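Engineer: My structure file input29.pdb, PDB, C-alpha atoms, pLDDT in the B column, is below:
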```pdb
ATOM      1  CA  MET T   1       0.000   0.000   0.000  1.00 76.00           C
ATOM      2  CA  ASP T   2       1.256   3.456  -0.907  1.00 84.00           C
ATOM      3  CA  ILE T   3       0.449   6.176   1.635  1.00 88.00           C
ATOM      4  CA  TRP T   4       0.890   9.931   1.381  1.00 89.00           C
ATOM      5  CA  ILE T   5      -0.623  13.141   2.754  1.00 91.00           C
ATOM      6  CA  ARG T   6      -1.929  16.073   0.711  1.00 92.00           C
ATOM      7  CA  TRP T   7      -4.660  18.674   0.606  1.00 93.00           C
ATOM      8  CA  CYS T   8      -8.119  17.216  -0.075  1.00 90.00           C
ATOM      9  CA  HIS T   9      -9.398  18.050  -3.578  1.00 90.00           C
ATOM     10  CA  LYS T  10     -12.914  16.668  -3.093  1.00 89.00           C
ATOM     11  CA  SER T  11     -14.951  15.888  -0.009  1.00 89.00           C
ATOM     12  CA  SER T  12     -14.928  12.205   0.875  1.00 89.00           C
ATOM     13  CA  LYS T  13     -15.627   9.829   3.760  1.00 91.00           C
ATOM     14  CA  CYS T  14     -12.990   8.909   6.376  1.00 90.00           C
ATOM     15  CA  ARG T  15     -12.303   5.180   6.541  1.00 86.00           C
ATOM     16  CA  HIS T  16     -11.761   5.237  10.321  1.00 85.00           C
ATOM     17  CA  CYS T  17     -14.447   7.526  11.785  1.00 89.00           C
ATOM     18  CA  GLY T  18     -16.913   7.685   8.887  1.00 86.00           C
ATOM     19  CA  GLU T  19     -17.175  11.497   8.973  1.00 90.00           C
ATOM     20  CA  GLN T  20     -16.749  13.693   5.915  1.00 90.00           C
ATOM     21  CA  ILE T  21     -13.327  15.027   4.989  1.00 90.00           C
ATOM     22  CA  GLU T  22     -13.901  18.574   3.752  1.00 90.00           C
ATOM     23  CA  LYS T  23     -12.234  20.128   0.715  1.00 91.00           C
ATOM     24  CA  HIS T  24      -9.019  22.105   1.293  1.00 91.00           C
ATOM     25  CA  THR T  25      -8.146  20.219   4.517  1.00 92.00           C
ATOM     26  CA  PRO T  26      -5.266  17.759   4.999  1.00 92.00           C
ATOM     27  CA  VAL T  27      -6.043  14.147   4.091  1.00 93.00           C
ATOM     28  CA  VAL T  28      -4.025  10.908   4.310  1.00 93.00           C
ATOM     29  CA  ILE T  29      -4.487   8.810   1.186  1.00 91.00           C
ATOM     30  CA  GLY T  30      -3.705   5.123   0.824  1.00 90.00           C
ATOM     31  CA  LYS T  31      -3.571   3.358  -2.525  1.00 87.00           C
ATOM     32  CA  LEU T  32      -3.992  -0.414  -2.295  1.00 84.00           C
ATOM     33  CA  TRP T  33      -2.912  -2.290  -5.419  1.00 80.00           C
ATOM     34  CA  ILE T  34      -5.061  -5.275  -6.373  1.00 79.00           C
ATOM     35  CA  ARG T  35      -4.474  -8.084  -8.894  1.00 72.00           C
ATOM     36  CA  SER T  36      -0.844  -7.692  -9.836  1.00 67.00           C
ATOM     37  CA  ARG T  37      -0.965  -3.890  -9.969  1.00 66.00           C
ATOM     38  CA  ARG T  38      -3.659  -3.616 -12.633  1.00 76.00           C
ATOM     39  CA  PHE T  39      -6.295  -2.084 -10.348  1.00 78.00           C
ATOM     40  CA  PHE T  40      -6.104  -0.035  -7.178  1.00 81.00           C
ATOM     41  CA  TYR T  41      -8.349   0.952  -4.306  1.00 81.00           C
ATOM     42  CA  ILE T  42      -8.128   4.418  -2.714  1.00 86.00           C
ATOM     43  CA  ILE T  43      -8.605   4.859   1.048  1.00 88.00           C
ATOM     44  CA  ARG T  44      -8.844   8.269   2.726  1.00 91.00           C
ATOM     45  CA  TRP T  45      -8.406   9.215   6.418  1.00 90.00           C
ATOM     46  CA  HIS T  46      -8.284  12.337   8.526  1.00 92.00           C
ATOM     47  CA  PRO T  47      -4.628  12.701   9.600  1.00 92.00           C
ATOM     48  CA  GLN T  48      -5.536  12.243  13.278  1.00 92.00           C
ATOM     49  CA  CYS T  49      -7.750   9.225  12.487  1.00 91.00           C
ATOM     50  CA  TRP T  50      -4.852   7.625  10.605  1.00 90.00           C
ATOM     51  CA  VAL T  51      -2.571   8.115  13.623  1.00 91.00           C
ATOM     52  CA  ASP T  52      -5.245   6.803  16.023  1.00 90.00           C
ATOM     53  CA  GLN T  53      -5.759   3.731  13.837  1.00 87.00           C
ATOM     54  CA  GLY T  54      -2.009   3.052  13.822  1.00 85.00           C
ATOM     55  CA  ILE T  55      -1.725   3.399  17.600  1.00 87.00           C
ATOM     56  CA  ALA T  56      -4.718   1.100  18.071  1.00 86.00           C
ATOM     57  CA  ALA T  57      -2.971  -1.544  15.917  1.00 83.00           C
ATOM     58  CA  LEU T  58       0.295  -1.434  17.930  1.00 79.00           C
ATOM     59  CA  PRO T  59      -0.642  -4.188  20.441  1.00 76.00           C
ATOM     60  CA  GLU T  60      -0.702  -6.670  17.554  1.00 76.00           C
ATOM     61  CA  TYR T  61       3.047  -6.202  17.089  1.00 73.00           C
ATOM     62  CA  GLU T  62       5.860  -6.965  19.524  1.00 63.00           C
ATOM     63  CA  SER T  63       7.446  -4.014  21.232  1.00 60.00           C
ATOM     64  CA  PRO T  64      11.137  -3.520  20.395  1.00 59.00           C
ATOM     65  CA  TYR T  65      11.724  -2.754  24.074  1.00 57.00           C
ATOM     66  CA  THR T  66      10.709  -6.186  25.388  1.00 56.00           C
ATOM     67  CA  GLY T  67      13.943  -7.822  24.256  1.00 53.00           C
ATOM     68  CA  LYS T  68      11.990 -10.403  22.265  1.00 52.00           C
ATOM     69  CA  ILE T  69      12.963 -11.043  18.684  1.00 49.00           C
ATOM     70  CA  PRO T  70      10.208 -12.407  16.422  1.00 52.00           C
ATOM     71  CA  GLY T  71      10.994 -15.840  15.032  1.00 50.00           C
ATOM     72  CA  THR T  72      13.626 -16.868  17.581  1.00 49.00           C
ATOM     73  CA  LEU T  73      12.394 -19.219  20.300  1.00 47.00           C
ATOM     74  CA  SER T  74      14.308 -20.844  23.107  1.00 47.00           C
ATOM     75  CA  VAL T  75      13.837 -24.422  24.318  1.00 47.00           C
ATOM     76  CA  ASN T  76      10.940 -23.558  26.638  1.00 50.00           C
ATOM     77  CA  GLY T  77       9.089 -21.595  23.919  1.00 49.00           C
ATOM     78  CA  GLU T  78       9.980 -18.096  25.066  1.00 52.00           C
ATOM     79  CA  ALA T  79      11.615 -15.649  22.707  1.00 46.00           C
ATOM     80  CA  ARG T  80      15.356 -15.381  23.205  1.00 47.00           C
ATOM     81  CA  SER T  81      17.414 -12.283  22.653  1.00 50.00           C
ATOM     82  CA  THR T  82      20.619 -12.422  20.634  1.00 55.00           C
ATOM     83  CA  HIS T  83      21.547  -8.817  21.343  1.00 58.00           C
ATOM     84  CA  VAL T  84      24.363  -8.051  23.748  1.00 64.00           C
ATOM     85  CA  VAL T  85      23.572  -5.165  26.071  1.00 74.00           C
ATOM     86  CA  MET T  86      26.538  -2.804  26.245  1.00 78.00           C
ATOM     87  CA  SER T  87      27.127   0.544  27.857  1.00 83.00           C
ATOM     88  CA  ASP T  88      27.995   3.558  25.722  1.00 85.00           C
ATOM     89  CA  GLU T  89      31.676   3.289  26.662  1.00 88.00           C
ATOM     90  CA  GLU T  90      31.801  -0.390  25.695  1.00 87.00           C
ATOM     91  CA  ARG T  91      30.009   0.314  22.410  1.00 87.00           C
ATOM     92  CA  LEU T  92      32.500   3.091  21.581  1.00 90.00           C
ATOM     93  CA  ALA T  93      35.481   0.881  22.475  1.00 91.00           C
ATOM     94  CA  ARG T  94      34.098  -1.933  20.315  1.00 90.00           C
ATOM     95  CA  LYS T  95      33.520   0.448  17.419  1.00 91.00           C
ATOM     96  CA  ARG T  96      37.120   1.649  17.632  1.00 93.00           C
ATOM     97  CA  LEU T  97      38.435  -1.921  17.718  1.00 93.00           C
ATOM     98  CA  VAL T  98      36.367  -2.869  14.677  1.00 92.00           C
ATOM     99  CA  GLY T  99      37.732   0.203  12.881  1.00 94.00           C
ATOM    100  CA  ARG T 100      41.291  -0.798  13.765  1.00 94.00           C
ATOM    101  CA  TRP T 101      40.611  -4.334  12.475  1.00 93.00           C
ATOM    102  CA  ARG T 102      39.365  -2.906   9.167  1.00 93.00           C
ATOM    103  CA  GLN T 103      42.477  -0.742   8.829  1.00 95.00           C
ATOM    104  CA  TYR T 104      44.692  -3.790   9.332  1.00 94.00           C
ATOM    105  CA  ARG T 105      42.666  -5.771   6.780  1.00 92.00           C
ATOM    106  CA  PHE T 106      43.045  -2.991   4.201  1.00 93.00           C
ATOM    107  CA  ARG T 107      46.795  -2.714   4.850  1.00 94.00           C
ATOM    108  CA  MET T 108      47.111  -6.497   4.619  1.00 93.00           C
ATOM    109  CA  ARG T 109      45.503  -6.551   1.159  1.00 92.00           C
ATOM    110  CA  LYS T 110      47.898  -3.857  -0.024  1.00 93.00           C
ATOM    111  CA  ALA T 111      50.877  -5.687   1.474  1.00 93.00           C
ATOM    112  CA  VAL T 112      49.862  -8.963  -0.224  1.00 93.00           C
ATOM    113  CA  GLU T 113      49.545  -7.140  -3.569  1.00 92.00           C
ATOM    114  CA  ALA T 114      53.038  -5.707  -3.030  1.00 93.00           C
ATOM    115  CA  ASN T 115      54.311  -9.169  -1.939  1.00 92.00           C
ATOM    116  CA  ASN T 116      55.577  -7.797   1.391  1.00 92.00           C
ATOM    117  CA  MET T 117      55.132 -10.890   3.587  1.00 92.00           C
ATOM    118  CA  GLU T 118      57.111  -9.507   6.518  1.00 94.00           C
ATOM    119  CA  TYR T 119      54.603  -6.667   6.892  1.00 94.00           C
ATOM    120  CA  VAL T 120      51.715  -9.136   6.536  1.00 93.00           C
ATOM    121  CA  GLN T 121      53.076 -11.082   9.523  1.00 94.00           C
ATOM    122  CA  VAL T 122      53.301  -7.861  11.573  1.00 94.00           C
ATOM    123  CA  LEU T 123      49.691  -7.071  10.687  1.00 94.00           C
ATOM    124  CA  VAL T 124      48.526 -10.584  11.642  1.00 92.00           C
ATOM    125  CA  ASP T 125      50.146 -10.156  15.045  1.00 93.00           C
ATOM    126  CA  LYS T 126      48.399  -6.808  15.496  1.00 94.00           C
ATOM    127  CA  MET T 127      45.089  -8.368  14.468  1.00 92.00           C
ATOM    128  CA  ARG T 128      45.512 -11.063  17.119  1.00 91.00           C
ATOM    129  CA  LEU T 129      45.959  -8.336  19.723  1.00 93.00           C
ATOM    130  CA  VAL T 130      42.724  -6.695  18.542  1.00 93.00           C
ATOM    131  CA  VAL T 131      40.969 -10.080  18.898  1.00 91.00           C
ATOM    132  CA  GLU T 132      42.178 -10.343  22.502  1.00 91.00           C
ATOM    133  CA  GLU T 133      40.925  -6.824  23.253  1.00 92.00           C
ATOM    134  CA  ILE T 134      37.528  -7.282  21.629  1.00 89.00           C
ATOM    135  CA  GLU T 135      36.897 -10.502  23.607  1.00 88.00           C
ATOM    136  CA  LYS T 136      36.563  -8.271  26.665  1.00 87.00           C
ATOM    137  CA  VAL T 137      34.016  -6.023  24.920  1.00 86.00           C
ATOM    138  CA  GLY T 138      31.147  -8.117  23.575  1.00 80.00           C
ATOM    139  CA  GLY T 139      32.976 -11.084  22.090  1.00 82.00           C
ATOM    140  CA  VAL T 140      34.749 -11.831  18.841  1.00 84.00           C
ATOM    141  CA  PRO T 141      32.804 -11.906  15.541  1.00 82.00           C
ATOM    142  CA  ASN T 142      32.804 -15.365  13.949  1.00 78.00           C
ATOM    143  CA  ARG T 143      34.243 -14.054  10.677  1.00 81.00           C
ATOM    144  CA  TRP T 144      37.318 -12.824  12.501  1.00 82.00           C
ATOM    145  CA  LEU T 145      38.001 -16.262  13.955  1.00 78.00           C
ATOM    146  CA  GLU T 146      37.717 -17.846  10.500  1.00 77.00           C
ATOM    147  CA  MET T 147      40.269 -15.393   9.156  1.00 75.00           C
ATOM    148  CA  LEU T 148      42.937 -16.033  11.774  1.00 69.00           C
TER     149      LEU T 148
END
```
Show the structure stored in the file as structure tokens.

Structural biologist:
Amino acid sequence: MDIWIRWCHKSSKCRHCGEQIEKHTPVVIGKLWIRSRRFFYIIRWHPQCWVDQGIAALPEYESPYTGKIPGTLSVNGEARSTHVVMSDEERLARKRLVGRWRQYRFRMRKAVEANNMEYVQVLVDKMRLVVEEIEKVGGVPNRWLEML
């Protein structure tokens, strides 16, 4: 469904409250495509009715603040969370370590192209140190372990 807001060009009926939407007032319009985009159905709402309808539909969806991830269930049937909760300082430290890892990866590619294997070994050692540091801050990504 395509949804947009514009000024009403003709008076019409609101889908939510059933009252008239007057000309020259804001209106939310929804275009619902039917039968492989050959036909469409137009729906009109008052802007506030559209917001009220959306808020009324929220309980049908999981809140992002519950820690539950749709589609992932634990053994006892409850949703499990795969997110690691970190403080702002830990998140910043992890971001810096990931950036350092990427710098070493880029330098390694350039060193391999230049056939400088001594520098590649130095970079591998530095990357192992980054792995040790990132273990303390949220764990090591699986791709990193495959690489070393």

Engineer: Which residues, written as a list of chain:residue names, have at least one atom at most 6 Å from range 22-35 of chain T, with only C-alpha atoms counted and residues fewer than 6 positions away on the same chain left out?

Structural biologist: T:Met1, T:Asp2, T:Ile3, T:Trp4, T:Ile5, T:Arg6, T:Trp7, T:Cys8, T:His9, T:Lys10, T:Ser11, T:Tyr41, T:Ile42, T:Ile43, T:Arg44, T:Trp45, T:His46, T:Pro47

Engineer: Keeping only C-alpha atoms, write those residues as a PDB file, in the frame of the given file.

Structural biologist:
```pdb
ATOM      1  CA  MET T   1       0.000   0.000   0.000  1.00 76.00           C
ATOM      2  CA  ASP T   2       1.256   3.456  -0.907  1.00 84.00           C
ATOM      3  CA  ILE T   3       0.449   6.176   1.635  1.00 88.00           C
ATOM      4  CA  TRP T   4       0.890   9.931   1.381  1.00 89.00           C
ATOM      5  CA  ILE T   5      -0.623  13.141   2.754  1.00 91.00           C
ATOM      6  CA  ARG T   6      -1.929  16.073   0.711  1.00 92.00           C
ATOM      7  CA  TRP T   7      -4.660  18.674   0.606  1.00 93.00           C
ATOM      8  CA  CYS T   8      -8.119  17.216  -0.075  1.00 90.00           C
ATOM      9  CA  HIS T   9      -9.398  18.050  -3.578  1.00 90.00           C
ATOM     10  CA  LYS T  10     -12.914  16.668  -3.093  1.00 89.00           C
ATOM     11  CA  SER T  11     -14.951  15.888  -0.009  1.00 89.00           C
ATOM     12  CA  TYR T  41      -8.349   0.952  -4.306  1.00 81.00           C
ATOM     13  CA  ILE T  42      -8.128   4.418  -2.714  1.00 86.00           C
ATOM     14  CA  ILE T  43      -8.605   4.859   1.048  1.00 88.00           C
ATOM     15  CA  ARG T  44      -8.844   8.269   2.726  1.00 91.00           C
ATOM     16  CA  TRP T  45      -8.406   9.215   6.418  1.00 90.00           C
ATOM     17  CA  HIS T  46      -8.284  12.337   8.526  1.00 92.00           C
ATOM     18  CA  PRO T  47      -4.628  12.701   9.600  1.00 92.00           C
TER      19      PRO T  47
END
```

Engineer: Just the number, please: distance in Å from CA of Arg143 in chain T to CA of Val130 in chain T, one decimal.

Structural biologist: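 Separation of CA of Arg143 in chain T and CA of Val130 in chain T: 13.7 Å.
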
Engineer: So how many Å separate CA of Glu89 in chain T and CA of Val137 in chain T, to one decimal?

Structural biologist: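 It comes out at 9.8 Å.
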
Engineer: Rounded to one decimal, what separation in Å do you get between CA of Met127 in chain T and CA of Val85 in chain T?

Structural biologist: 24.7 Å

Engineer: Any idea what's packed within 9 Å of Cys49 in chain T, counting all atoms listed in the file, ignoring anything in its chain fewer than 2 positions away? Could you give it as an MDAnalysis selection string?

Structural biologist: chainID T and resid 14:17 45:47 51:54

Engineer: Mind checking which residues fall within 12 Å of range 105-113 of chain T, counting all atoms listed in the file, ignoring those fewer than 4 positions away in the same chain, and posting them as a ChimeraX atom specification?

Structural biologist: /T:98-101,117-128,130,144,147-148

Engineer: Residues within 9 Å of Arg94 in chain T, please, as JSON, numbers by chain. Count all atoms listed in the file; anything in the same chain fewer than 6 positions from it doesn't count.

Structural biologist: {"T": [133, 134, 137, 138]}
